[in-house]
Amino acid sequence: MKGFGLFVKTLAANTARLNSLDAHTGRLTLVLGNESADLDSMVSSLALAYALSPTISAPPIPIINTNRSDMTLRPESTLLLRTTLQANDSGIDALTFIDDFDVTRVVSYGHKHGLDVWLVDHNAPASRQTELEPFVRGIVDHHVDENRCPQAERQIELVGSCATLVAERLRNTLGSVEPELAKMLVAPILIDTSELSSTARRATDKDIEMVSWLVPQVEWAWPSANPVSTDSAVADQESSDEVESLDHVSSTHELYKILDKLKGKVSHLSARDLLRKDYKQWTVGSPAWTVGISSISYRLQKWIKRDSRKQIKKAVEKWVDEQKLDVALVMTHGKAKQGKGGVKVYGRDLIVAFGQSVNEEQQRRVLDGLQRSELLGLEPFFEDQDTGPVFFNQTRTESSRKQVFPAIKAVIESLSI
């Protein structure tokens, strides 16, 4: 296998390659992350493309499944990828984003010359990318299987982070990885499992195993007697806003704290940017419902204090119209003080909003189904639930979008029975 540094150097040619397909005839391989384009998805698409490269004549092309301009909404991803790529004389500009090329033209090319698509961090193409479905060759994912793409080779395990599965693949084929790749892979595992926290109940034995394999391969900054330490005494950066690189990081705890702080810095974003920053959309049921789920690292009580309940409802309703949704779920999560002067406690909230095509009886049945779901543990956020979007407190805080989507999918599918 080529070294990771050599693989990184091939990235800069990928966008031009996808925009000059007339000059090519060989089979094309894309590695596509999911449309929320979070840290796990970006890292997994890059690392899986590298893992696949020895088996394919032309280097696989990792695709960041969001618009290039939207990287400004993801400072934690920008910092990690910039650090990793700069270590190999490359940068963010070398990456290929979904709006850098015409997907339909790639599909046409695939019909003539061959196209293999590997899905990573999801197991079915997004509702706006279904034209890629016949070309899906492989899947590496940690979400509930949607049972599509039956032709694909699939590795689907409900681990905490998809990067865990990609790391396992690299361990089994290479035995070891370069220091910068090890740091890149360990970061999303820490983020997705809340630093392997037992109370968050997201980390599996395999996540822990892969972190234990990756950590000794990272070149941690001196001093670092125990780089796996999660001792809360490890000092945070004075201002993670000013961090230019992660080369100085001396432990997993420090890496996690810097990236987690950056991920949580969303209070400056507009309501629309909050809704679109980490967003996924599906088509579910028969007749088909369009379902959108936004995940926001910002507790609802803080958002209400900033924008007001009325303005949030307006923003969500406008988002439903803009995306042409039948139902939107807005998941907010993070730490917030419990009462005046209380300690900060992690929690989750949920807003449910419907499109104009959904009648009152359907709305009632969906809300009833969600409230009966033991996966969510929903309780009214307000005593007076007036018309429009409905606000809930989600008591089952361990249930992320990985659990919420199957819950809403099951409710919608039950409507047609």
# chains A, B, ... in the order shown; residues from 1 in each chain; ligands from 1

call {"tool": "residues_around", "arguments": {"residues": "region 21-31 of chain A", "least_positions_apart": "5", "cutoff": "9 Å", "atoms": "only C-alpha atoms", "output": "PyMOL selection string"}}
result
chain A and resi 16+45-46+48-49+56-64+105-106+109-110+112-120

call {"tool": "select_by_dssp", "arguments": {"residues": "region 166-345 of chain A", "states": "alpha helix (DSSP H)", "output": "PyMOL selection string"}}
result
chain A and resi 166-174+179-192+205-214+252-264+271-277+300-307+309-323

call {"tool": "closest_residue", "arguments": {"among": "A:Glu317, A:Ala288, A:Thr15, A:His248", "to": "Asp100 (chain A)", "atoms": "only C-alpha atoms"}}
result
A:Thr15

call {"tool": "residues_around", "arguments": {"residues": "region 365-374 of chain A", "least_positions_apart": "5", "cutoff": "8 Å", "atoms": "only C-alpha atoms", "output": "PyMOL selection string"}}
result
chain A and resi 379+407-408+411-412+415

call {"tool": "atom_distance", "arguments": {"atom1": "CA of Tyr298 (chain A)", "atom2": "CA of Tyr346 (chain A)"}}
result
10.6 Å

call {"tool": "residues_around", "arguments": {"residues": "Ala94 (chain A)", "least_positions_apart": "6", "cutoff": "10 Å", "atoms": "only C-alpha atoms", "output": "count of residues only"}}
result
9

call {"tool": "select_by_dssp", "arguments": {"residues": "region 58-264 of chain A", "states": "strand (DSSP E)", "output": "ChimeraX atom specification"}}
result
/A:61-64,96-97,115-120,136-141,153-156

call {"tool": "closest_residue", "arguments": {"among": "A:Met71, A:Ala187, A:Val144, A:Val136", "to": "Pro406 (chain A)", "atoms": "only C-alpha atoms"}}
result
A:Val144

call {"tool": "closest_residue", "arguments": {"among": "A:Gly292, A:Val215, A:Phe392, A:Ala163", "to": "Ser176 (chain A)", "atoms": "only C-alpha atoms"}}
result
A:Val215

call {"tool": "residues_around", "arguments": {"residues": "Ile156 (chain A)", "least_positions_apart": "3", "cutoff": "9 Å", "atoms": "only C-alpha atoms", "output": "list in words"}}
result
Asn123, Ile139, Val140, Asp141, His142, His143, Val144, Asp145, Val159 and Leu165 of chain A

call {"tool": "write_last_selection", "arguments": {"atoms": "all heavy atoms", "output": "compact mmCIF listing (two decimals), in the first residue's frame"}}
result
# COMPACT_ATOMS: atom_id res chain seq x y z
N ASN A 123 -25.82 3.96 5.17
CA ASN A 123 -25.92 2.72 4.41
C ASN A 123 -26.95 2.77 3.28
O ASN A 123 -27.27 1.75 2.69
CB ASN A 123 -26.20 1.53 5.35
CG ASN A 123 -27.43 1.71 6.20
OD1 ASN A 123 -28.55 1.63 5.70
ND2 ASN A 123 -27.25 1.95 7.50
N ILE A 139 -20.36 -0.75 1.73
CA ILE A 139 -20.90 0.06 2.82
C ILE A 139 -20.09 -0.21 4.08
O ILE A 139 -19.86 -1.37 4.44
CB ILE A 139 -22.39 -0.27 3.09
CG1 ILE A 139 -23.27 0.12 1.90
CG2 ILE A 139 -22.88 0.40 4.37
CD1 ILE A 139 -24.67 -0.46 1.97
N VAL A 140 -19.66 0.85 4.74
CA VAL A 140 -19.07 0.76 6.08
C VAL A 140 -19.81 1.76 6.94
O VAL A 140 -19.72 2.97 6.71
CB VAL A 140 -17.55 1.05 6.07
CG1 VAL A 140 -16.98 0.98 7.48
CG2 VAL A 140 -16.82 0.09 5.14
N ASP A 141 -20.55 1.27 7.93
CA ASP A 141 -21.48 2.17 8.63
C ASP A 141 -21.76 1.67 10.04
O ASP A 141 -21.57 0.49 10.36
CB ASP A 141 -22.79 2.26 7.84
CG ASP A 141 -23.76 3.28 8.44
OD1 ASP A 141 -23.29 4.32 8.93
OD2 ASP A 141 -24.97 3.00 8.43
N HIS A 142 -22.27 2.59 10.89
CA HIS A 142 -22.61 2.23 12.26
C HIS A 142 -24.05 2.64 12.62
O HIS A 142 -24.35 2.84 13.79
CB HIS A 142 -21.61 2.84 13.26
CG HIS A 142 -21.64 4.34 13.35
ND1 HIS A 142 -21.58 5.01 14.56
CD2 HIS A 142 -21.72 5.31 12.41
CE1 HIS A 142 -21.60 6.32 14.36
NE2 HIS A 142 -21.69 6.53 13.05
N HIS A 143 -24.91 2.75 11.62
CA HIS A 143 -26.33 3.05 11.84
C HIS A 143 -27.18 1.81 11.56
O HIS A 143 -26.72 0.88 10.92
CB HIS A 143 -26.78 4.20 10.93
CG HIS A 143 -26.07 5.50 11.18
ND1 HIS A 143 -24.87 5.81 10.57
CD2 HIS A 143 -26.36 6.55 11.99
CE1 HIS A 143 -24.47 7.01 10.97
NE2 HIS A 143 -25.35 7.47 11.84
N VAL A 144 -28.42 1.86 12.01
CA VAL A 144 -29.35 0.76 11.73
C VAL A 144 -29.49 0.58 10.23
O VAL A 144 -29.66 1.55 9.48
CB VAL A 144 -30.73 1.05 12.37
CG1 VAL A 144 -31.75 -0.01 11.95
CG2 VAL A 144 -30.61 1.10 13.89
N ASP A 145 -29.40 -0.65 9.78
CA ASP A 145 -29.44 -0.96 8.35
C ASP A 145 -30.82 -0.64 7.77
O ASP A 145 -31.84 -1.11 8.26
CB ASP A 145 -29.13 -2.45 8.15
CG ASP A 145 -28.77 -2.79 6.71
OD1 ASP A 145 -29.06 -1.97 5.81
OD2 ASP A 145 -28.22 -3.88 6.49
N VAL A 159 -21.49 0.49 16.44
CA VAL A 159 -20.45 1.02 17.32
C VAL A 159 -20.68 2.51 17.52
O VAL A 159 -21.56 3.12 16.90
CB VAL A 159 -19.06 0.75 16.75
CG1 VAL A 159 -18.76 -0.74 16.74
CG2 VAL A 159 -18.92 1.32 15.33
N LEU A 165 -14.73 1.49 12.75
CA LEU A 165 -14.75 0.40 11.77
C LEU A 165 -13.69 0.59 10.70
O LEU A 165 -13.09 -0.39 10.24
CB LEU A 165 -16.15 0.33 11.13
CG LEU A 165 -17.32 0.11 12.09
CD1 LEU A 165 -18.63 0.09 11.33
CD2 LEU A 165 -17.13 -1.18 12.88

call {"tool": "closest_residue", "arguments": {"among": "A:Asp321, A:Pro216, A:Ala182, A:Tyr256", "to": "Ser197 (chain A)", "atoms": "only C-alpha atoms"}}
result
A:Tyr256

call {"tool": "closest_residue", "arguments": {"among": "A:Leu95, A:Leu325, A:Leu181, A:Val404", "to": "Thr78 (chain A)", "atoms": "only C-alpha atoms"}}
result
A:Leu95

call {"tool": "atom_distance", "arguments": {"atom1": "CA of Lys257 (chain A)", "atom2": "CA of Leu376 (chain A)"}}
result
27.4 Å

call {"tool": "residues_around", "arguments": {"residues": "Val43 (chain A)", "least_positions_apart": "3", "cutoff": "8 Å", "atoms": "only C-alpha atoms", "output": "JSON, numbers by chain"}}
result
{"A": [39, 40, 46, 47, 81, 163, 184, 185, 188]}

call {"tool": "write_last_selection", "arguments": {"atoms": "N, CA and C atoms", "output": "tab-separated table (two decimals), in the first residue's frame"}}
result
chain	number	residue	atom	x	y	z
A	39	LEU	N	-17.59	15.39	11.67
A	39	LEU	CA	-16.19	15.00	11.74
A	39	LEU	C	-16.01	13.52	11.43
A	40	ASP	N	-16.86	12.68	11.99
A	40	ASP	CA	-16.77	11.23	11.77
A	40	ASP	C	-16.90	10.90	10.29
A	46	LEU	N	-12.15	9.87	4.08
A	46	LEU	CA	-10.73	9.96	3.70
A	46	LEU	C	-9.99	8.67	4.03
A	47	ALA	N	-10.20	8.17	5.25
A	47	ALA	CA	-9.45	6.99	5.69
A	47	ALA	C	-9.87	5.73	4.94
A	81	LEU	N	-8.65	18.41	10.07
A	81	LEU	CA	-8.22	18.07	8.71
A	81	LEU	C	-7.07	18.96	8.26
A	163	ALA	N	-15.54	5.78	12.41
A	163	ALA	CA	-14.09	5.76	12.32
A	163	ALA	C	-13.51	4.52	12.99
A	184	MET	N	-5.96	11.55	13.35
A	184	MET	CA	-7.18	11.89	12.62
A	184	MET	C	-8.29	10.90	12.94
A	185	LEU	N	-7.96	9.62	13.07
A	185	LEU	CA	-8.98	8.60	13.34
A	185	LEU	C	-9.45	8.59	14.79
A	188	PRO	N	-12.57	11.56	15.95
A	188	PRO	CA	-14.03	11.38	15.90
A	188	PRO	C	-14.53	10.29	16.84

call {"tool": "closest_residue", "arguments": {"among": "A:Arg348, A:Arg201, A:His122, A:His253", "to": "Ala336 (chain A)", "atoms": "only C-alpha atoms"}}
result
A:Arg348
